[in-house]
Amino acid sequence: MGLILAAGEELVATWLARSSTDGLSFQPQSWISFGAMLCASGCVGALAGLLLAPIARRLGSASGRPACGEARGLVTLALLAFVLAWNGAQFATQRLEARNAVYVASASSLLLVLAWIRPTWSRYSAAITHPWCVFGVLALLPWLTSDVMQDSTWRTKRWAAIALTLGAWSLASATRRWWSSTPITRWSTTLGACALALAGTGLGQGVIAREVELARRPDAPPVVLISLDTVRAANLSVYGYARDTTPRLREFTAHATRFERAYAAANYTLPSHASMLTGLYVREHGAYPDRDASLPAPLARERETIVETLAKRGWHTIGVVANHGYLGPAFGIPQGFAEYDARSRRLAFPRAGTSSLRGALQDLLYELLPPTEFDLTYRRAEEVNSAIAERLDEHELHAPGAPVFLFANYMDAHVPYSPPEPFATRFASAVEPMRKSRYYGWRARVYSGEQRLTDEQRQQLIDLYDASIAYLDQQVGALFDELRRRGLYDEALIVVTSDHGESFGSRAVLEHGMSLDEGEIRVPLLIKLPHQREPRVVDALASGVDIAPTILAQLGLPRPEPCSGVDLLGNELSDERVVFAEHYPHHWHQRVAPSRAFHETAALWRNLRAARRDDGQLEIGRLRSIDAGYGVLESWPSDAPDLPHRLEDWKALPHAAQGSSVGGAEALKSLGYTD
């Protein structure tokens, strides 16, 4: 029995959890890793059974109760308590929605305890103390935590929790009665329990599908906002890169507007996306880190996003994101979405494991198996596309008359740069897969001053990065094809952009979130209007804060106030415009990259840039190539706006009040954002 239960727990963590997830059919990361985990689990389970069974029999004999049934119940209770305690730390650090899984687990535990101490309850609830019943409860927990409890509104989550708890209890009681009663009673109680479970499930699905009736806007176009996480403009062939990394985006721009010089409002995910969705600069929306806090502040509820604006006016808002860390529920980005899918990729050996057994096997097999077995925690683009297709199917079924707003986030150009074949070797036939441990070792030595990346190391990173972009481009093209198949593409307003770029060792900077150099903040920005036929190129400076007001203006809707962005396709854009970007240090910088643990603001005008740190250091220069830094100026040109003075005025502006972070630490750790 112990063998079955321990092996079952590992199956829950790998197989069942993934096979029960919408849009992610089970494909084991490796039969080697899966088999090794199963064998190890079986050994541990057999040992636990040998140790616990004699104790249970002795306790059962001492109490005068039937030894077999009581021993089974005691072992089952011990197993359930062990699994819940073992994963307690994970529940405590996950998203707030994980508490619902704790509710279900606590209710099940209470029922088991009552069955143990009260003979009457024990008689009518014997089935629920059976190991297979507890195995079923454990099988529900990962699904409940990762899927149902991330969807839609709090009402959905509560109804789902109640329905699952009552369903498990009712079916267990019905099973017991079925075996001990007359045939009529057996079938009546069984059918009654099934009806209750189906009613609860149907009610939960109804709430998930539609909590409120959506307004019908047959004249309103669909809106698609695509965020290519960590993609810098310089490595896209649509922006002139020598390697043909983006053939599908090049096709897209044949009927779209390309902004030659677009800049993110920040150099990492959370504040940059908050700026995209609110039209506010980072200090204005408040979703940025405090160097003394362990987690950055989330986007506050008071900041109205474009998602909320469109939802109020009848758009059915759907979000499917690969970045389950900063774009997860803990950091406020999902506010306003009717459906939001921020699930992570299921791994046999996640780096942030919750079991010492898994940790031991992980260390043993880490160098033998591909890095995707351990390091790739975000969903690949094809998995994101699969989830998008399912959400659009549900939309067409439940709200066919409502226009859709789709936010799609892809993360394939992010460390560990793990594109599948044939893309992995497209630009370098002998390129070695990147492991996070090796990459983070390079990063630590670069920021400690122990080394600079060699040309070979830097080229390896760029080869993998370009290959990842090529794979991502293909999948974005696949999304366009899916929209065409549904008749949505031509009439849709589509925006393709990125939250930030990436650095590869220039000026002793690696990765992102470290500087306001061109490599980190210059991003692609492509906009296709409904039924647009002619290409257009805009050279004036654009910013991430312009995305929300541009979309609203094209839909004929007023922008929320305050708003710092402008309509990029209207008459507000000019060559004289100044845009800003900010770098906020995280407490993590003080350990990993102390040389970058400062606040910095950059102002850009035409081809000039001025950046000031919080220690007063000012850097002025002309924009040059992506990795060459800036041509330093000794004095500011007399015919240019006084950007250094503008930075002083900007520094004097008050910062917005920040919200409080709740959860999200484990997701950030799995993505490599924290240690």
# chains A, B, ... in the order shown; residues from 1 in each chain; ligands from 1

$ select_by_dssp --residues "stretch 238-467 of chain A" --states "strand (DSSP E or B)" --output "list in words"
Thr257, Arg258, Phe259, Ala262, Tyr263, Ala266, His316, Thr317, Ile318, Gly319, Val320, Val321, Glu339, Tyr340, Asp341, Val404, Phe405, Leu406, Phe407, Ala408, Asn409 and Tyr410 of chain A

$ write_last_selection --atoms "C-alpha atoms" --output "PDB file, in the first residue's frame"
ATOM      1  CA  THR A 257       2.997  50.274 -39.193  1.00  0.00           C
ATOM      2  CA  ARG A 258       6.553  49.800 -37.951  1.00  0.00           C
ATOM      3  CA  PHE A 259       7.953  52.200 -35.352  1.00  0.00           C
ATOM      4  CA  ALA A 262      10.362  52.448 -29.763  1.00  0.00           C
ATOM      5  CA  TYR A 263      11.536  52.306 -26.147  1.00  0.00           C
ATOM      6  CA  ALA A 266      11.453  50.084 -17.915  1.00  0.00           C
ATOM      7  CA  HIS A 316     -14.490  39.849 -23.552  1.00  0.00           C
ATOM      8  CA  THR A 317     -10.985  40.065 -22.100  1.00  0.00           C
ATOM      9  CA  ILE A 318      -8.670  37.056 -22.330  1.00  0.00           C
ATOM     10  CA  GLY A 319      -5.054  36.809 -21.201  1.00  0.00           C
ATOM     11  CA  VAL A 320      -2.700  33.885 -21.853  1.00  0.00           C
ATOM     12  CA  VAL A 321       0.843  34.465 -20.603  1.00  0.00           C
ATOM     13  CA  GLU A 339     -10.187  34.864 -18.228  1.00  0.00           C
ATOM     14  CA  TYR A 340      -6.509  34.797 -17.365  1.00  0.00           C
ATOM     15  CA  ASP A 341      -4.186  31.853 -17.895  1.00  0.00           C
ATOM     16  CA  VAL A 404     -12.580  39.922 -27.839  1.00  0.00           C
ATOM     17  CA  PHE A 405      -9.484  41.526 -26.324  1.00  0.00           C
ATOM     18  CA  LEU A 406      -6.596  39.042 -26.330  1.00  0.00           C
ATOM     19  CA  PHE A 407      -3.341  39.590 -24.467  1.00  0.00           C
ATOM     20  CA  ALA A 408      -0.695  37.011 -25.453  1.00  0.00           C
ATOM     21  CA  ASN A 409       2.704  36.878 -23.782  1.00  0.00           C
ATOM     22  CA  TYR A 410       5.535  34.681 -25.097  1.00  0.00           C
TER      23      TYR A 410
END

$ residues_around --residues "stretch 244-247 of chain A" --least-positions-apart "4" --cutoff "12 Å" --atoms "only C-alpha atoms" --output "JSON, numbers by chain"
{"A": [231, 232, 233, 234, 235, 236, 237, 238, 239, 240, 251, 252, 253, 254, 413, 423, 426, 427, 462, 463, 464, 465, 466, 467, 468, 469, 470, 471, 472, 473, 474, 475, 476, 477, 524]}

$ write_last_selection --atoms "N, CA and C atoms" --output "mmCIF file, in the first residue's frame"
data_model
loop_
_atom_site.group_PDB
_atom_site.id
_atom_site.type_symbol
_atom_site.label_atom_id
_atom_site.label_comp_id
_atom_site.auth_asym_id
_atom_site.auth_seq_id
_atom_site.Cartn_x
_atom_site.Cartn_y
_atom_site.Cartn_z
ATOM 1 N N VAL A 231 12.599 40.453 -26.038
ATOM 2 C CA VAL A 231 13.012 40.561 -27.443
ATOM 3 C C VAL A 231 13.437 41.996 -27.744
ATOM 4 N N ARG A 232 14.690 42.177 -28.111
ATOM 5 C CA ARG A 232 15.165 43.513 -28.460
ATOM 6 C C ARG A 232 15.070 43.712 -29.968
ATOM 7 N N ALA A 233 14.849 44.945 -30.375
ATOM 8 C CA ALA A 233 14.621 45.242 -31.786
ATOM 9 C C ALA A 233 15.832 44.911 -32.649
ATOM 10 N N ALA A 234 17.033 45.061 -32.092
ATOM 11 C CA ALA A 234 18.244 44.925 -32.899
ATOM 12 C C ALA A 234 18.440 43.534 -33.472
ATOM 13 N N ASN A 235 17.822 42.508 -32.881
ATOM 14 C CA ASN A 235 18.024 41.142 -33.357
ATOM 15 C C ASN A 235 16.870 40.626 -34.197
ATOM 16 N N LEU A 236 16.051 41.536 -34.705
ATOM 17 C CA LEU A 236 14.938 41.155 -35.568
ATOM 18 C C LEU A 236 15.251 41.563 -37.000
ATOM 19 N N SER A 237 15.111 40.621 -37.928
ATOM 20 C CA SER A 237 15.382 40.951 -39.325
ATOM 21 C C SER A 237 14.385 41.966 -39.860
ATOM 22 N N VAL A 238 13.211 42.062 -39.243
ATOM 23 C CA VAL A 238 12.253 43.070 -39.669
ATOM 24 C C VAL A 238 12.769 44.474 -39.362
ATOM 25 N N TYR A 239 13.773 44.564 -38.468
ATOM 26 C CA TYR A 239 14.440 45.833 -38.166
ATOM 27 C C TYR A 239 15.838 45.902 -38.776
ATOM 28 N N GLY A 240 16.120 45.047 -39.747
ATOM 29 C CA GLY A 240 17.383 45.138 -40.464
ATOM 30 C C GLY A 240 18.488 44.232 -39.981
ATOM 31 N N GLU A 251 6.396 39.603 -42.984
ATOM 32 C CA GLU A 251 5.141 39.510 -43.722
ATOM 33 C C GLU A 251 4.068 40.372 -43.066
ATOM 34 N N PHE A 252 4.034 40.354 -41.749
ATOM 35 C CA PHE A 252 3.043 41.130 -41.002
ATOM 36 C C PHE A 252 3.172 42.623 -41.287
ATOM 37 N N THR A 253 4.407 43.126 -41.359
ATOM 38 C CA THR A 253 4.604 44.565 -41.552
ATOM 39 C C THR A 253 4.289 45.028 -42.970
ATOM 40 N N ALA A 254 4.042 44.086 -43.873
ATOM 41 C CA ALA A 254 3.619 44.489 -45.217
ATOM 42 C C ALA A 254 2.243 45.144 -45.187
ATOM 43 N N ALA A 413 12.353 33.901 -25.763
ATOM 44 C CA ALA A 413 13.655 34.549 -25.918
ATOM 45 C C ALA A 413 14.315 34.845 -24.570
ATOM 46 N N PHE A 423 15.180 24.736 -34.800
ATOM 47 C CA PHE A 423 15.618 26.112 -34.565
ATOM 48 C C PHE A 423 16.886 26.182 -33.725
ATOM 49 N N ARG A 426 19.853 26.400 -35.901
ATOM 50 C CA ARG A 426 19.671 27.128 -37.167
ATOM 51 C C ARG A 426 20.843 28.038 -37.470
ATOM 52 N N PHE A 427 21.384 28.712 -36.467
ATOM 53 C CA PHE A 427 22.437 29.699 -36.709
ATOM 54 C C PHE A 427 23.813 29.233 -36.262
ATOM 55 N N ILE A 462 24.253 34.645 -28.113
ATOM 56 C CA ILE A 462 23.537 35.311 -29.201
ATOM 57 C C ILE A 462 22.970 34.292 -30.189
ATOM 58 N N ASP A 463 23.724 33.215 -30.467
ATOM 59 C CA ASP A 463 23.216 32.177 -31.373
ATOM 60 C C ASP A 463 21.925 31.563 -30.826
ATOM 61 N N LEU A 464 21.930 31.237 -29.544
ATOM 62 C CA LEU A 464 20.740 30.650 -28.926
ATOM 63 C C LEU A 464 19.599 31.655 -28.857
ATOM 64 N N TYR A 465 19.929 32.898 -28.565
ATOM 65 C CA TYR A 465 18.925 33.958 -28.488
ATOM 66 C C TYR A 465 18.259 34.164 -29.851
ATOM 67 N N ASP A 466 19.066 34.246 -30.904
ATOM 68 C CA ASP A 466 18.517 34.411 -32.257
ATOM 69 C C ASP A 466 17.663 33.207 -32.657
ATOM 70 N N ALA A 467 18.122 32.006 -32.291
ATOM 71 C CA ALA A 467 17.342 30.808 -32.603
ATOM 72 C C ALA A 467 16.004 30.821 -31.869
ATOM 73 N N SER A 468 16.013 31.313 -30.635
ATOM 74 C CA SER A 468 14.775 31.413 -29.862
ATOM 75 C C SER A 468 13.816 32.407 -30.502
ATOM 76 N N ILE A 469 14.344 33.501 -30.994
ATOM 77 C CA ILE A 469 13.500 34.493 -31.668
ATOM 78 C C ILE A 469 12.920 33.918 -32.950
ATOM 79 N N ALA A 470 13.730 33.134 -33.683
ATOM 80 C CA ALA A 470 13.229 32.528 -34.919
ATOM 81 C C ALA A 470 12.078 31.564 -34.630
ATOM 82 N N TYR A 471 12.221 30.769 -33.574
ATOM 83 C CA TYR A 471 11.127 29.873 -33.180
ATOM 84 C C TYR A 471 9.894 30.679 -32.772
ATOM 85 N N LEU A 472 10.113 31.721 -31.990
ATOM 86 C CA LEU A 472 9.006 32.566 -31.541
ATOM 87 C C LEU A 472 8.298 33.211 -32.725
ATOM 88 N N ASP A 473 9.061 33.673 -33.704
ATOM 89 C CA ASP A 473 8.472 34.279 -34.898
ATOM 90 C C ASP A 473 7.565 33.292 -35.621
ATOM 91 N N GLN A 474 8.017 32.052 -35.731
ATOM 92 C CA GLN A 474 7.181 31.042 -36.389
ATOM 93 C C GLN A 474 5.860 30.862 -35.645
ATOM 94 N N GLN A 475 5.913 30.847 -34.321
ATOM 95 C CA GLN A 475 4.709 30.621 -33.534
ATOM 96 C C GLN A 475 3.790 31.841 -33.520
ATOM 97 N N VAL A 476 4.351 33.031 -33.567
ATOM 98 C CA VAL A 476 3.508 34.225 -33.718
ATOM 99 C C VAL A 476 2.795 34.170 -35.067
ATOM 100 N N GLY A 477 3.515 33.724 -36.097
ATOM 101 C CA GLY A 477 2.871 33.525 -37.393
ATOM 102 C C GLY A 477 1.757 32.496 -37.318
ATOM 103 N N PRO A 524 10.822 46.244 -30.326
ATOM 104 C CA PRO A 524 9.986 46.331 -31.526
ATOM 105 C C PRO A 524 8.606 46.893 -31.179
#

$ residues_around --residues "stretch 589-597 of chain A" --least-positions-apart "4" --cutoff "7 Å" --atoms "only C-alpha atoms" --output "CSV table (one decimal) with N, CA, C and O atoms, in the first residue's frame"
chain,number,residue,atom,x,y,z
A,444,ALA,N,27.4,35.9,-12.4
A,444,ALA,CA,27.9,36.2,-11.1
A,444,ALA,C,29.4,36.7,-11.3
A,444,ALA,O,29.8,37.7,-10.7
A,447,TYR,N,29.5,40.3,-12.9
A,447,TYR,CA,29.2,41.4,-12.1
A,447,TYR,C,30.1,41.5,-10.9
A,447,TYR,O,30.1,42.6,-10.2
A,514,MET,N,19.2,45.6,-15.7
A,514,MET,CA,20.5,46.0,-15.2
A,514,MET,C,20.9,47.5,-15.6
A,514,MET,O,21.7,48.1,-14.9
A,585,PRO,N,16.3,49.5,-8.8
A,585,PRO,CA,17.1,48.4,-8.2
A,585,PRO,C,16.2,47.5,-7.3
A,585,PRO,O,15.3,48.0,-6.6

$ closest_residue --among "A:His587, A:Arg248, A:Arg283, A:His395" --to "A:Lys651" --atoms "only C-alpha atoms"
A:Arg283

$ closest_residue --among "A:Ala581, A:Leu555, A:Leu479, A:Val415" --to "A:Ser272" --atoms "only C-alpha atoms"
A:Ala581

$ closest_residue --among "A:Ala656, A:Ser418, A:Asp539, A:Asn267" --to "A:Glu518" --atoms "only C-alpha atoms"
A:Asn267

$ residues_around --residues "A:Asp219" --least-positions-apart "2" --cutoff "12 Å" --atoms "only C-alpha atoms" --output "number ranges by chain"
A: 215-217, 221-222, 314-315, 401-404, 491-492, 530, 555-556

$ write_last_selection --atoms "C-alpha atoms" --output "mmCIF file, in the first residue's frame"
data_model
loop_
_atom_site.group_PDB
_atom_site.id
_atom_site.type_symbol
_atom_site.label_atom_id
_atom_site.label_comp_id
_atom_site.auth_asym_id
_atom_site.auth_seq_id
_atom_site.Cartn_x
_atom_site.Cartn_y
_atom_site.Cartn_z
ATOM 1 C CA ALA A 215 -22.611 43.837 -23.789
ATOM 2 C CA ARG A 216 -22.932 43.091 -27.483
ATOM 3 C CA ARG A 217 -20.716 45.235 -29.712
ATOM 4 C CA PRO A 221 -13.111 45.102 -33.731
ATOM 5 C CA PRO A 222 -11.162 42.430 -31.879
ATOM 6 C CA GLY A 314 -18.314 44.995 -23.796
ATOM 7 C CA TRP A 315 -15.025 43.373 -24.818
ATOM 8 C CA GLY A 401 -21.518 38.411 -30.062
ATOM 9 C CA ALA A 402 -18.935 40.120 -27.871
ATOM 10 C CA PRO A 403 -15.680 41.485 -29.307
ATOM 11 C CA VAL A 404 -12.580 39.922 -27.839
ATOM 12 C CA GLU A 491 -10.680 43.087 -38.865
ATOM 13 C CA ALA A 492 -8.461 42.992 -35.770
ATOM 14 C CA PRO A 530 -8.357 46.778 -38.973
ATOM 15 C CA LEU A 555 -11.433 52.309 -30.992
ATOM 16 C CA GLY A 556 -12.929 55.761 -30.511
#

$ residues_around --residues "A:Leu277" --least-positions-apart "5" --cutoff "7 Å" --atoms "only C-alpha atoms" --output "VMD selection string"
chain A and resid 305 to 306 548

$ select_by_dssp --residues "stretch 398-466 of chain A" --states "helix (DSSP H, G or I)" --output "ChimeraX atom specification"
/A:398,436-448,455-466

$ write_last_selection --atoms "N, CA and C atoms" --output "PDB file, in the first residue's frame"
ATOM      1  N   HIS A 398     -19.592  30.718 -25.785  1.00  0.00           N
ATOM      2  CA  HIS A 398     -20.354  31.350 -24.712  1.00  0.00           C
ATOM      3  C   HIS A 398     -20.640  32.829 -24.939  1.00  0.00           C
ATOM      4  N   LYS A 436      20.924  26.846 -16.907  1.00  0.00           N
ATOM      5  CA  LYS A 436      20.835  28.021 -16.036  1.00  0.00           C
ATOM      6  C   LYS A 436      22.005  28.105 -15.079  1.00  0.00           C
ATOM      7  N   SER A 437      22.443  26.975 -14.548  1.00  0.00           N
ATOM      8  CA  SER A 437      23.540  27.001 -13.582  1.00  0.00           C
ATOM      9  C   SER A 437      24.798  27.596 -14.207  1.00  0.00           C
ATOM     10  N   ARG A 438      25.076  27.212 -15.463  1.00  0.00           N
ATOM     11  CA  ARG A 438      26.266  27.741 -16.141  1.00  0.00           C
ATOM     12  C   ARG A 438      26.092  29.225 -16.463  1.00  0.00           C
ATOM     13  N   TYR A 439      24.900  29.585 -16.939  1.00  0.00           N
ATOM     14  CA  TYR A 439      24.648  30.988 -17.266  1.00  0.00           C
ATOM     15  C   TYR A 439      24.760  31.872 -16.024  1.00  0.00           C
ATOM     16  N   TYR A 440      24.169  31.436 -14.930  1.00  0.00           N
ATOM     17  CA  TYR A 440      24.213  32.241 -13.709  1.00  0.00           C
ATOM     18  C   TYR A 440      25.618  32.316 -13.140  1.00  0.00           C
ATOM     19  N   GLY A 441      26.426  31.273 -13.414  1.00  0.00           N
ATOM     20  CA  GLY A 441      27.831  31.345 -13.024  1.00  0.00           C
ATOM     21  C   GLY A 441      28.562  32.432 -13.793  1.00  0.00           C
ATOM     22  N   TRP A 442      28.316  32.491 -15.108  1.00  0.00           N
ATOM     23  CA  TRP A 442      28.899  33.571 -15.913  1.00  0.00           C
ATOM     24  C   TRP A 442      28.454  34.930 -15.381  1.00  0.00           C
ATOM     25  N   ARG A 443      27.146  35.042 -15.146  1.00  0.00           N
ATOM     26  CA  ARG A 443      26.600  36.327 -14.707  1.00  0.00           C
ATOM     27  C   ARG A 443      27.232  36.784 -13.395  1.00  0.00           C
ATOM     28  N   ALA A 444      27.361  35.865 -12.437  1.00  0.00           N
ATOM     29  CA  ALA A 444      27.937  36.221 -11.146  1.00  0.00           C
ATOM     30  C   ALA A 444      29.376  36.708 -11.299  1.00  0.00           C
ATOM     31  N   ARG A 445      30.157  36.026 -12.160  1.00  0.00           N
ATOM     32  CA  ARG A 445      31.554  36.425 -12.329  1.00  0.00           C
ATOM     33  C   ARG A 445      31.681  37.743 -13.091  1.00  0.00           C
ATOM     34  N   VAL A 446      30.760  37.986 -14.025  1.00  0.00           N
ATOM     35  CA  VAL A 446      30.796  39.257 -14.754  1.00  0.00           C
ATOM     36  C   VAL A 446      30.535  40.419 -13.809  1.00  0.00           C
ATOM     37  N   TYR A 447      29.535  40.278 -12.942  1.00  0.00           N
ATOM     38  CA  TYR A 447      29.176  41.387 -12.058  1.00  0.00           C
ATOM     39  C   TYR A 447      30.094  41.517 -10.855  1.00  0.00           C
ATOM     40  N   SER A 448      30.825  40.452 -10.530  1.00  0.00           N
ATOM     41  CA  SER A 448      31.815  40.571  -9.466  1.00  0.00           C
ATOM     42  C   SER A 448      33.135  41.118  -9.982  1.00  0.00           C
ATOM     43  N   ASP A 455      34.594  36.140 -26.430  1.00  0.00           N
ATOM     44  CA  ASP A 455      33.849  36.252 -27.690  1.00  0.00           C
ATOM     45  C   ASP A 455      33.077  34.971 -27.968  1.00  0.00           C
ATOM     46  N   GLU A 456      33.661  33.835 -27.615  1.00  0.00           N
ATOM     47  CA  GLU A 456      32.990  32.556 -27.846  1.00  0.00           C
ATOM     48  C   GLU A 456      31.747  32.425 -26.978  1.00  0.00           C
ATOM     49  N   GLN A 457      31.853  32.796 -25.702  1.00  0.00           N
ATOM     50  CA  GLN A 457      30.700  32.727 -24.807  1.00  0.00           C
ATOM     51  C   GLN A 457      29.589  33.666 -25.263  1.00  0.00           C
ATOM     52  N   ARG A 458      29.980  34.861 -25.617  1.00  0.00           N
ATOM     53  CA  ARG A 458      28.987  35.841 -26.059  1.00  0.00           C
ATOM     54  C   ARG A 458      28.291  35.368 -27.329  1.00  0.00           C
ATOM     55  N   GLN A 459      29.043  34.800 -28.256  1.00  0.00           N
ATOM     56  CA  GLN A 459      28.441  34.333 -29.498  1.00  0.00           C
ATOM     57  C   GLN A 459      27.511  33.158 -29.251  1.00  0.00           C
ATOM     58  N   GLN A 460      27.850  32.301 -28.294  1.00  0.00           N
ATOM     59  CA  GLN A 460      26.968  31.187 -27.971  1.00  0.00           C
ATOM     60  C   GLN A 460      25.619  31.704 -27.475  1.00  0.00           C
ATOM     61  N   LEU A 461      25.650  32.711 -26.608  1.00  0.00           N
ATOM     62  CA  LEU A 461      24.405  33.281 -26.099  1.00  0.00           C
ATOM     63  C   LEU A 461      23.592  33.900 -27.232  1.00  0.00           C
ATOM     64  N   ILE A 462      24.253  34.645 -28.113  1.00  0.00           N
ATOM     65  CA  ILE A 462      23.537  35.311 -29.201  1.00  0.00           C
ATOM     66  C   ILE A 462      22.970  34.292 -30.189  1.00  0.00           C
ATOM     67  N   ASP A 463      23.724  33.215 -30.467  1.00  0.00           N
ATOM     68  CA  ASP A 463      23.216  32.177 -31.373  1.00  0.00           C
ATOM     69  C   ASP A 463      21.925  31.563 -30.826  1.00  0.00           C
ATOM     70  N   LEU A 464      21.930  31.237 -29.544  1.00  0.00           N
ATOM     71  CA  LEU A 464      20.740  30.650 -28.926  1.00  0.00           C
ATOM     72  C   LEU A 464      19.599  31.655 -28.857  1.00  0.00           C
ATOM     73  N   TYR A 465      19.929  32.898 -28.565  1.00  0.00           N
ATOM     74  CA  TYR A 465      18.925  33.958 -28.488  1.00  0.00           C
ATOM     75  C   TYR A 465      18.259  34.164 -29.851  1.00  0.00           C
ATOM     76  N   ASP A 466      19.066  34.246 -30.904  1.00  0.00           N
ATOM     77  CA  ASP A 466      18.517  34.411 -32.257  1.00  0.00           C
ATOM     78  C   ASP A 466      17.663  33.207 -32.657  1.00  0.00           C
TER      79      ASP A 466
END
